[in-house]
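So this one's target_5.pdb, PDB, C-alpha atoms:
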```pdb
ATOM      1  CA  MET E1418       5.142   4.800 -16.697
ATOM      2  CA  ASP E1419       1.548   6.102 -16.923
ATOM      3  CA  SER E1420       0.197   2.704 -18.020
ATOM      4  CA  SER E1421       2.085   1.062 -15.146
ATOM      5  CA  ILE E1422       0.543   3.497 -12.660
ATOM      6  CA  HIS E1423      -2.902   2.878 -14.159
ATOM      7  CA  THR E1424      -2.385  -0.892 -13.832
ATOM      8  CA  LEU E1425      -1.210  -0.544 -10.228
ATOM      9  CA  GLN E1426      -4.163   1.715  -9.364
ATOM     10  CA  ARG E1427      -6.710  -0.712 -10.842
ATOM     11  CA  CYS E1428      -5.044  -3.547  -8.975
ATOM     12  CA  LEU E1429      -5.051  -1.705  -5.642
ATOM     13  CA  GLU E1430      -8.656  -0.541  -6.070
ATOM     14  CA  ASN E1431      -9.818  -4.119  -6.562
ATOM     15  CA  ILE E1432      -7.676  -5.450  -3.709
ATOM     16  CA  TYR E1433      -9.365  -2.850  -1.523
ATOM     17  CA  LYS E1434     -12.798  -4.076  -2.661
ATOM     18  CA  VAL E1435     -11.992  -7.717  -1.865
ATOM     19  CA  ILE E1436     -10.633  -6.979   1.608
ATOM     20  CA  ARG E1437     -13.463  -4.502   2.265
ATOM     21  CA  LYS E1438     -16.031  -7.167   1.371
ATOM     22  CA  ALA E1439     -14.404  -9.582   3.845
ATOM     23  CA  ASN E1440     -14.451  -6.896   6.542
ATOM     24  CA  ASP E1441     -18.086  -6.040   5.859
ATOM     25  CA  MET E1442     -19.082  -9.696   5.992
ATOM     26  CA  LEU E1443     -17.334 -10.321   9.320
ATOM     27  CA  CYS E1444     -18.553  -7.012  10.729
ATOM     28  CA  GLY E1445     -22.102  -8.095   9.964
ATOM     29  CA  ILE E1446     -21.801 -11.116  12.258
ATOM     30  CA  SER E1447     -23.319 -10.096  15.565
ATOM     31  CA  HIS E1448     -21.763 -12.619  17.944
ATOM     32  CA  PRO E1449     -18.082 -13.641  18.332
ATOM     33  CA  SER E1450     -18.955 -17.336  18.645
ATOM     34  CA  VAL E1451     -20.766 -17.215  15.285
ATOM     35  CA  CYS E1452     -17.762 -15.452  13.769
ATOM     36  CA  THR E1453     -15.504 -18.211  15.089
ATOM     37  CA  GLU E1454     -17.808 -20.882  13.693
ATOM     38  CA  VAL E1455     -17.817 -19.226  10.282
ATOM     39  CA  LEU E1456     -14.026 -18.826  10.246
ATOM     40  CA  LEU E1457     -13.432 -22.442  11.292
ATOM     41  CA  SER E1458     -15.770 -23.915   8.676
ATOM     42  CA  ALA E1459     -14.186 -25.365   5.535
ATOM     43  CA  GLN E1460     -15.734 -22.593   3.431
ATOM     44  CA  GLY E1461     -14.605 -19.928   5.892
ATOM     45  CA  LYS E1462     -11.020 -21.174   5.876
ATOM     46  CA  THR E1463     -10.994 -21.294   2.063
ATOM     47  CA  TYR E1464     -12.451 -17.802   1.875
ATOM     48  CA  ILE E1465      -9.938 -16.310   4.318
ATOM     49  CA  SER E1466      -7.120 -18.124   2.521
ATOM     50  CA  GLY E1467      -8.201 -16.409  -0.705
ATOM     51  CA  VAL E1468      -8.330 -13.016   1.014
ATOM     52  CA  VAL E1469      -4.809 -13.623   2.367
ATOM     53  CA  GLU E1470      -3.599 -14.333  -1.195
ATOM     54  CA  VAL E1471      -5.157 -11.058  -2.346
ATOM     55  CA  TYR E1472      -3.389  -9.225   0.483
ATOM     56  CA  LYS E1473      -0.106 -10.837  -0.613
ATOM     57  CA  VAL E1474      -0.642  -9.346  -4.072
ATOM     58  CA  SER E1475      -1.023  -5.931  -2.409
ATOM     59  CA  LYS E1476       2.324  -6.442  -0.657
ATOM     60  CA  ARG E1477       3.900  -7.339  -4.008
ATOM     61  CA  VAL E1478       2.422  -4.165  -5.520
ATOM     62  CA  GLU E1479       3.796  -2.169  -2.606
ATOM     63  CA  GLY E1480       7.215  -3.765  -3.121
ATOM     64  CA  GLY E1481       7.065  -3.126  -6.868
ATOM     65  CA  MET E1482       6.297   0.529  -6.201
ATOM     66  CA  ARG E1483       9.218   0.738  -3.785
ATOM     67  CA  THR E1484      11.633  -1.055  -6.137
ATOM     68  CA  ARG E1485      10.684   1.109  -9.131
ATOM     69  CA  GLY E1486      10.576   4.342  -7.141
ATOM     70  CA  VAL E1487       6.874   5.036  -7.784
ATOM     71  CA  THR E1488       5.809   7.887  -5.500
ATOM     72  CA  ASN E1489       2.297   8.561  -6.807
ATOM     73  CA  GLU E1490       0.164   9.981  -3.973
ATOM     74  CA  ALA E1491      -3.027   8.178  -5.016
ATOM     75  CA  LEU E1492      -1.199   4.841  -5.040
ATOM     76  CA  GLN E1493       0.368   5.533  -1.643
ATOM     77  CA  ARG E1494      -3.065   6.411  -0.238
ATOM     78  CA  SER E1495      -4.526   3.190  -1.669
ATOM     79  CA  VAL E1496      -1.753   1.163  -0.018
ATOM     80  CA  LYS E1497      -2.472   2.853   3.334
ATOM     81  CA  ASP E1498      -6.220   2.244   2.967
ATOM     82  CA  ILE E1499      -5.578  -1.449   2.289
ATOM     83  CA  GLU E1500      -3.320  -1.668   5.347
ATOM     84  CA  LEU E1501      -6.058  -0.160   7.536
ATOM     85  CA  LEU E1502      -8.597  -2.656   6.214
ATOM     86  CA  TRP E1503      -6.160  -5.535   6.682
ATOM     87  CA  ASN E1504      -5.504  -4.532  10.297
ATOM     88  CA  ASN E1505      -9.250  -4.363  10.905
ATOM     89  CA  LEU E1506      -9.731  -7.799   9.335
ATOM     90  CA  GLN E1507      -7.029  -9.243  11.575
ATOM     91  CA  ALA E1508      -8.989  -7.971  14.593
ATOM     92  CA  PHE E1509     -11.926 -10.149  13.496
ATOM     93  CA  LEU E1510      -9.606 -13.088  12.984
ATOM     94  CA  THR E1511      -8.602 -12.948  16.652
ATOM     95  CA  PHE E1512     -11.962 -14.614  17.346
ATOM     96  CA  SER E1513     -10.427 -17.691  15.777
ATOM     97  CA  PRO E1514      -6.815 -18.245  16.899
ATOM     98  CA  ALA E1515      -6.562 -21.345  14.676
ATOM     99  CA  VAL E1516      -7.216 -19.182  11.593
ATOM    100  CA  LEU E1517      -5.048 -16.346  12.895
ATOM    101  CA  GLN E1518      -2.090 -18.739  13.176
ATOM    102  CA  THR E1519      -2.355 -19.574   9.468
ATOM    103  CA  LEU E1520      -1.716 -15.973   8.436
ATOM    104  CA  PRO E1521       1.713 -15.193   6.987
ATOM    105  CA  THR E1522       4.133 -13.401   9.277
ATOM    106  CA  GLU E1523       5.072  -9.770   8.672
ATOM    107  CA  ALA E1524       8.576 -10.915   7.702
ATOM    108  CA  CYS E1525       7.093 -13.286   5.114
ATOM    109  CA  LEU E1526       4.905 -10.525   3.686
ATOM    110  CA  ASN E1527       7.790  -8.068   3.542
ATOM    111  CA  GLY E1528       9.896 -10.703   1.796
ATOM    112  CA  LEU E1529       7.511 -11.120  -1.143
ATOM    113  CA  VAL E1530       9.695  -8.879  -3.267
ATOM    114  CA  ASP E1531      13.019 -10.562  -3.841
ATOM    115  CA  VAL E1532      16.204  -8.588  -3.537
ATOM    116  CA  PRO E1533      18.004  -8.848  -6.875
ATOM    117  CA  GLN E1534      20.950 -11.179  -6.938
ATOM    118  CA  PRO E1535      23.913  -9.701  -8.818
ATOM    119  CA  ASP E1536      24.369 -12.472 -11.386
ATOM    120  CA  LEU E1537      20.705 -12.961 -12.295
ATOM    121  CA  GLN E1538      18.459 -11.145 -14.758
ATOM    122  CA  TYR E1539      15.011  -9.875 -13.777
ATOM    123  CA  GLU E1540      12.020  -8.271 -15.395
ATOM    124  CA  CYS E1541       8.873  -6.861 -13.827
ATOM    125  CA  CYS E1542       5.613  -8.727 -13.283
ATOM    126  CA  GLY E1543       2.986  -7.276 -15.615
ATOM    127  CA  VAL E1544       0.567  -6.800 -12.701
ATOM    128  CA  CYS E1545       2.438  -5.910  -9.511
ATOM    129  CA  GLN E1546       5.564  -4.459 -11.167
ATOM    130  CA  SER E1547       7.816  -6.260  -8.700
ATOM    131  CA  GLN E1548      10.701  -8.346  -9.928
ATOM    132  CA  VAL E1549      10.306 -11.695 -11.637
ATOM    133  CA  SER E1550      13.422 -13.755 -12.238
ATOM    134  CA  MET E1551      14.206 -14.674 -15.820
ATOM    135  CA  GLU E1552      16.351 -17.579 -14.642
ATOM    136  CA  THR E1553      14.604 -20.946 -14.643
ATOM    137  CA  LYS E1554      16.787 -22.170 -11.792
ATOM    138  CA  VAL E1555      15.263 -19.486  -9.548
ATOM    139  CA  ALA E1556      11.670 -19.252 -10.756
ATOM    140  CA  SER E1557       9.666 -22.427 -10.564
ATOM    141  CA  ASP E1558       7.035 -23.016 -13.233
ATOM    142  CA  LYS E1559       4.221 -22.894 -10.662
ATOM    143  CA  ASP E1560       5.177 -19.423  -9.430
ATOM    144  CA  ILE E1561       5.807 -17.588 -12.724
ATOM    145  CA  LEU E1562       3.982 -17.600 -16.019
ATOM    146  CA  SER E1563       4.696 -16.027 -19.363
ATOM    147  CA  TYR E1564       2.001 -14.685 -21.623
ATOM    148  CA  ASN E1565       2.249 -12.391 -24.626
ATOM    149  CA  GLU E1566       5.958 -11.705 -24.004
ATOM    150  CA  CYS E1567       5.279 -10.601 -20.445
ATOM    151  CA  ARG E1568       5.930 -12.446 -17.175
ATOM    152  CA  TYR E1569       3.621 -12.613 -14.166
ATOM    153  CA  HIS E1570       3.519 -14.095 -10.697
ATOM    154  CA  THR E1571       0.737 -16.676 -10.934
ATOM    155  CA  SER E1572      -1.050 -15.212  -7.904
ATOM    156  CA  CYS E1573      -0.953 -11.735  -9.476
ATOM    157  CA  ALA E1574      -2.275 -13.010 -12.808
ATOM    158  CA  ASN E1575      -4.962 -15.048 -11.038
ATOM    159  CA  PHE E1576      -6.102 -12.031  -9.027
ATOM    160  CA  TRP E1577      -6.143  -9.782 -12.093
ATOM    161  CA  LEU E1578      -8.144 -12.225 -14.215
ATOM    162  CA  ASN E1579     -10.670 -12.992 -11.457
ATOM    163  CA  CYS E1580     -11.089  -9.573  -9.869
ATOM    164  CA  VAL E1581      -9.938  -6.837 -12.250
ATOM    165  CA  ASP E1582     -10.177  -7.685 -15.958
ATOM    166  CA  LEU E1583     -10.413 -10.681 -18.270
ATOM    167  CA  ASN E1584      -7.264  -9.549 -20.082
ATOM    168  CA  LEU E1585      -3.870  -9.451 -18.415
ATOM    169  CA  PRO E1586      -2.160  -6.075 -18.542
ATOM    170  CA  PHE E1587       0.685  -5.947 -21.016
ATOM    171  CA  SER E1588       3.863  -4.268 -19.993
ATOM    172  CA  PRO E1589       6.852  -4.648 -22.287
ATOM    173  CA  ALA E1590       9.619  -6.702 -20.683
ATOM    174  CA  GLN E1591      11.677  -4.439 -18.492
ATOM    175  CA  LYS E1592      14.884  -6.327 -17.963
ATOM    176  CA  GLN E1593      17.073  -5.541 -15.013
ATOM    177  CA  GLY E1594      20.291  -6.910 -13.691
TER     178      GLY E1594
END
```
Any chance you could put this one into structure tokens?
Amino acid sequence: MDSSIHTLQRCLENIYKVIRKANDMLCGISHPSVCTEVLLSAQGKTYISGVVEVYKVSKRVEGGMRTRGVTNEALQRSVKDIELLWNNLQAFLTFSPAVLQTLPTEACLNGLVDVPQPDLQYECCGVCQSQVSMETKVASDKDILSYNECRYHTSCANFWLNCVDLNLPFSPAQKQG
């Protein structure tokens, strides 16, 4: 469990950095109309879309912690810090309703961790520790990848490789169900 907590902590620390950087950048823009122009540009939309994907990974981590019963205080504090940053970032996004409308709903974010279905087998994502289906009829190839006998959500693996470490964390398959 210690290596899982270490993996989750590294993940959350780097999610915090990415969202913090977005907040700092938008906070540095002195006029709302300039902020809107930046957010509506092609680069701005792509950037915010990437930040949203990083936030989705944080929600998966949060769900993985909840599913596995992880109650580590440092992890809980990191989750709360990310939520505060995310709420602050959303305040900046109100300058651009068109961008704000592209954000996932709270229900969508809370649904990132699937509820196990009784007849299916699951194991944990090597990054977020939330459940990954072992059944090909449930998991599409574009959403799940296998590497070194471990399974990952592609967005989690992508975040890890681009923002945390060049090597995916290895967590022995933890089958459930």
Notebook entry, point to check: Which protein, DNA or RNA residues are at most 12 Å from (-10.0, -10.2, -11.1) in the file's coordinates when you count all atoms listed in the file, listed as a list in words?
Noted result: Arg1427, Cys1428, Leu1429, Glu1430, Asn1431, Ile1432, Lys1434, Val1435, Val1471, Val1474, Val1544, Ser1572, Cys1573, Ala1574, Asn1575, Phe1576, Trp1577, Leu1578, Asn1579, Cys1580, Val1581, Asp1582, Leu1583, Asn1584, Leu1585 and Pro1586 of chain E
Kindly export the residues of the current selection with C-alpha atoms, as a PDB file, keeping the file's coordinate frame.
```
ATOM      1  CA  ARG E1427      -6.710  -0.712 -10.842  1.00  0.00           C
ATOM      2  CA  CYS E1428      -5.044  -3.547  -8.975  1.00  0.00           C
ATOM      3  CA  LEU E1429      -5.051  -1.705  -5.642  1.00  0.00           C
ATOM      4  CA  GLU E1430      -8.656  -0.541  -6.070  1.00  0.00           C
ATOM      5  CA  ASN E1431      -9.818  -4.119  -6.562  1.00  0.00           C
ATOM      6  CA  ILE E1432      -7.676  -5.450  -3.709  1.00  0.00           C
ATOM      7  CA  LYS E1434     -12.798  -4.076  -2.661  1.00  0.00           C
ATOM      8  CA  VAL E1435     -11.992  -7.717  -1.865  1.00  0.00           C
ATOM      9  CA  VAL E1471      -5.157 -11.058  -2.346  1.00  0.00           C
ATOM     10  CA  VAL E1474      -0.642  -9.346  -4.072  1.00  0.00           C
ATOM     11  CA  VAL E1544       0.567  -6.800 -12.701  1.00  0.00           C
ATOM     12  CA  SER E1572      -1.050 -15.212  -7.904  1.00  0.00           C
ATOM     13  CA  CYS E1573      -0.953 -11.735  -9.476  1.00  0.00           C
ATOM     14  CA  ALA E1574      -2.275 -13.010 -12.808  1.00  0.00           C
ATOM     15  CA  ASN E1575      -4.962 -15.048 -11.038  1.00  0.00           C
ATOM     16  CA  PHE E1576      -6.102 -12.031  -9.027  1.00  0.00           C
ATOM     17  CA  TRP E1577      -6.143  -9.782 -12.093  1.00  0.00           C
ATOM     18  CA  LEU E1578      -8.144 -12.225 -14.215  1.00  0.00           C
ATOM     19  CA  ASN E1579     -10.670 -12.992 -11.457  1.00  0.00           C
ATOM     20  CA  CYS E1580     -11.089  -9.573  -9.869  1.00  0.00           C
ATOM     21  CA  VAL E1581      -9.938  -6.837 -12.250  1.00  0.00           C
ATOM     22  CA  ASP E1582     -10.177  -7.685 -15.958  1.00  0.00           C
ATOM     23  CA  LEU E1583     -10.413 -10.681 -18.270  1.00  0.00           C
ATOM     24  CA  ASN E1584      -7.264  -9.549 -20.082  1.00  0.00           C
ATOM     25  CA  LEU E1585      -3.870  -9.451 -18.415  1.00  0.00           C
ATOM     26  CA  PRO E1586      -2.160  -6.075 -18.542  1.00  0.00           C
TER      27      PRO E1586
END
```
Check: Which is closer to Ser1563 in chain E than all the others in E:Pro1514, E:Gly1481, E:Gly1467, E:Gly1543, using only C-alpha atoms?
Finding: E:Gly1543
Next item on the list: Tell me which of E:Ile1422, E:Val1549, E:Cys1567, E:Leu1443 sits closest to Gln1507 in chain E, counting all atoms listed in the file.
Entry: E:Leu1443
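The result of the PyMOL selection byres ((chain E and resi 1547) around 7) on the shown file is E:Arg1477, E:Val1478, E:Gly1480, E:Gly1481, E:Thr1484, E:Val1530, E:Cys1541, E:Cys1542, E:Cys1545, E:Gln1546, E:Gln1548, E:Val1549.
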Next item on the list: Evaluate the PyMOL selection byres ((chain E and resi 1455) around 12) and record the selected residues as a ChimeraX atom specification, following the chain and residue labels used in the document.
Entry: /E:1442-1443,1445-1454,1456-1465,1509-1510,1512-1513,1516
Check: Which one of E:Asn1440, E:Gln1426, E:Gln1518, E:Thr1511 sits closest to Val1496 in chain E if you count all atoms listed in the file?
Finding: E:Gln1426
Check: Between CA of Leu1502 in chain E and CA of Val1469 in chain E, what is the distance, to one decimal in Å?
Finding: 12.2 Å
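Rounded to one decimal, CA of Ala1491 in chain E and CA of Asn1565 in chain E lie 28.9 Å from each other.
Pairwise distance (CA of Asp1419 in chain E, CA of Glu1470 in chain E) equals 26.3 Å.
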Starting from the sparse input, extend range 1468-1479 of chain E to N, CA, C and O atoms and give the output as a PDB file, in the frame of the given file.
```
ATOM      1  N   VAL E1468      -8.535 -14.419   0.646  1.00  0.00           N
ATOM      2  CA  VAL E1468      -8.330 -13.016   1.014  1.00  0.00           C
ATOM      3  C   VAL E1468      -6.863 -12.776   1.358  1.00  0.00           C
ATOM      4  O   VAL E1468      -6.283 -11.747   0.989  1.00  0.00           O
ATOM      5  N   VAL E1469      -6.238 -13.737   2.034  1.00  0.00           N
ATOM      6  CA  VAL E1469      -4.809 -13.623   2.367  1.00  0.00           C
ATOM      7  C   VAL E1469      -3.985 -13.548   1.077  1.00  0.00           C
ATOM      8  O   VAL E1469      -3.059 -12.742   0.966  1.00  0.00           O
ATOM      9  N   GLU E1470      -4.327 -14.370   0.083  1.00  0.00           N
ATOM     10  CA  GLU E1470      -3.599 -14.333  -1.195  1.00  0.00           C
ATOM     11  C   GLU E1470      -3.751 -12.976  -1.874  1.00  0.00           C
ATOM     12  O   GLU E1470      -2.799 -12.460  -2.460  1.00  0.00           O
ATOM     13  N   VAL E1471      -4.933 -12.391  -1.776  1.00  0.00           N
ATOM     14  CA  VAL E1471      -5.157 -11.058  -2.346  1.00  0.00           C
ATOM     15  C   VAL E1471      -4.303 -10.034  -1.604  1.00  0.00           C
ATOM     16  O   VAL E1471      -3.679  -9.163  -2.222  1.00  0.00           O
ATOM     17  N   TYR E1472      -4.228 -10.150  -0.289  1.00  0.00           N
ATOM     18  CA  TYR E1472      -3.389  -9.225   0.483  1.00  0.00           C
ATOM     19  C   TYR E1472      -1.915  -9.382   0.094  1.00  0.00           C
ATOM     20  O   TYR E1472      -1.183  -8.392   0.006  1.00  0.00           O
ATOM     21  N   LYS E1473      -1.485 -10.613  -0.179  1.00  0.00           N
ATOM     22  CA  LYS E1473      -0.106 -10.837  -0.613  1.00  0.00           C
ATOM     23  C   LYS E1473       0.173 -10.114  -1.928  1.00  0.00           C
ATOM     24  O   LYS E1473       1.265  -9.571  -2.123  1.00  0.00           O
ATOM     25  N   VAL E1474      -0.815 -10.090  -2.813  1.00  0.00           N
ATOM     26  CA  VAL E1474      -0.642  -9.346  -4.072  1.00  0.00           C
ATOM     27  C   VAL E1474      -0.445  -7.866  -3.754  1.00  0.00           C
ATOM     28  O   VAL E1474       0.396  -7.202  -4.352  1.00  0.00           O
ATOM     29  N   SER E1475      -1.188  -7.347  -2.772  1.00  0.00           N
ATOM     30  CA  SER E1475      -1.023  -5.931  -2.409  1.00  0.00           C
ATOM     31  C   SER E1475       0.391  -5.659  -1.902  1.00  0.00           C
ATOM     32  O   SER E1475       0.969  -4.611  -2.178  1.00  0.00           O
ATOM     33  N   LYS E1476       0.950  -6.622  -1.154  1.00  0.00           N
ATOM     34  CA  LYS E1476       2.324  -6.442  -0.657  1.00  0.00           C
ATOM     35  C   LYS E1476       3.313  -6.480  -1.813  1.00  0.00           C
ATOM     36  O   LYS E1476       4.310  -5.753  -1.812  1.00  0.00           O
ATOM     37  N   ARG E1477       3.042  -7.327  -2.822  1.00  0.00           N
ATOM     38  CA  ARG E1477       3.900  -7.339  -4.008  1.00  0.00           C
ATOM     39  C   ARG E1477       3.817  -6.013  -4.750  1.00  0.00           C
ATOM     40  O   ARG E1477       4.818  -5.496  -5.225  1.00  0.00           O
ATOM     41  N   VAL E1478       2.596  -5.471  -4.867  1.00  0.00           N
ATOM     42  CA  VAL E1478       2.422  -4.165  -5.520  1.00  0.00           C
ATOM     43  C   VAL E1478       3.204  -3.110  -4.755  1.00  0.00           C
ATOM     44  O   VAL E1478       3.934  -2.306  -5.344  1.00  0.00           O
ATOM     45  N   GLU E1479       3.071  -3.124  -3.448  1.00  0.00           N
ATOM     46  CA  GLU E1479       3.796  -2.169  -2.606  1.00  0.00           C
ATOM     47  C   GLU E1479       5.305  -2.306  -2.825  1.00  0.00           C
ATOM     48  O   GLU E1479       6.020  -1.316  -2.961  1.00  0.00           O
TER      49      GLU E1479
END
```
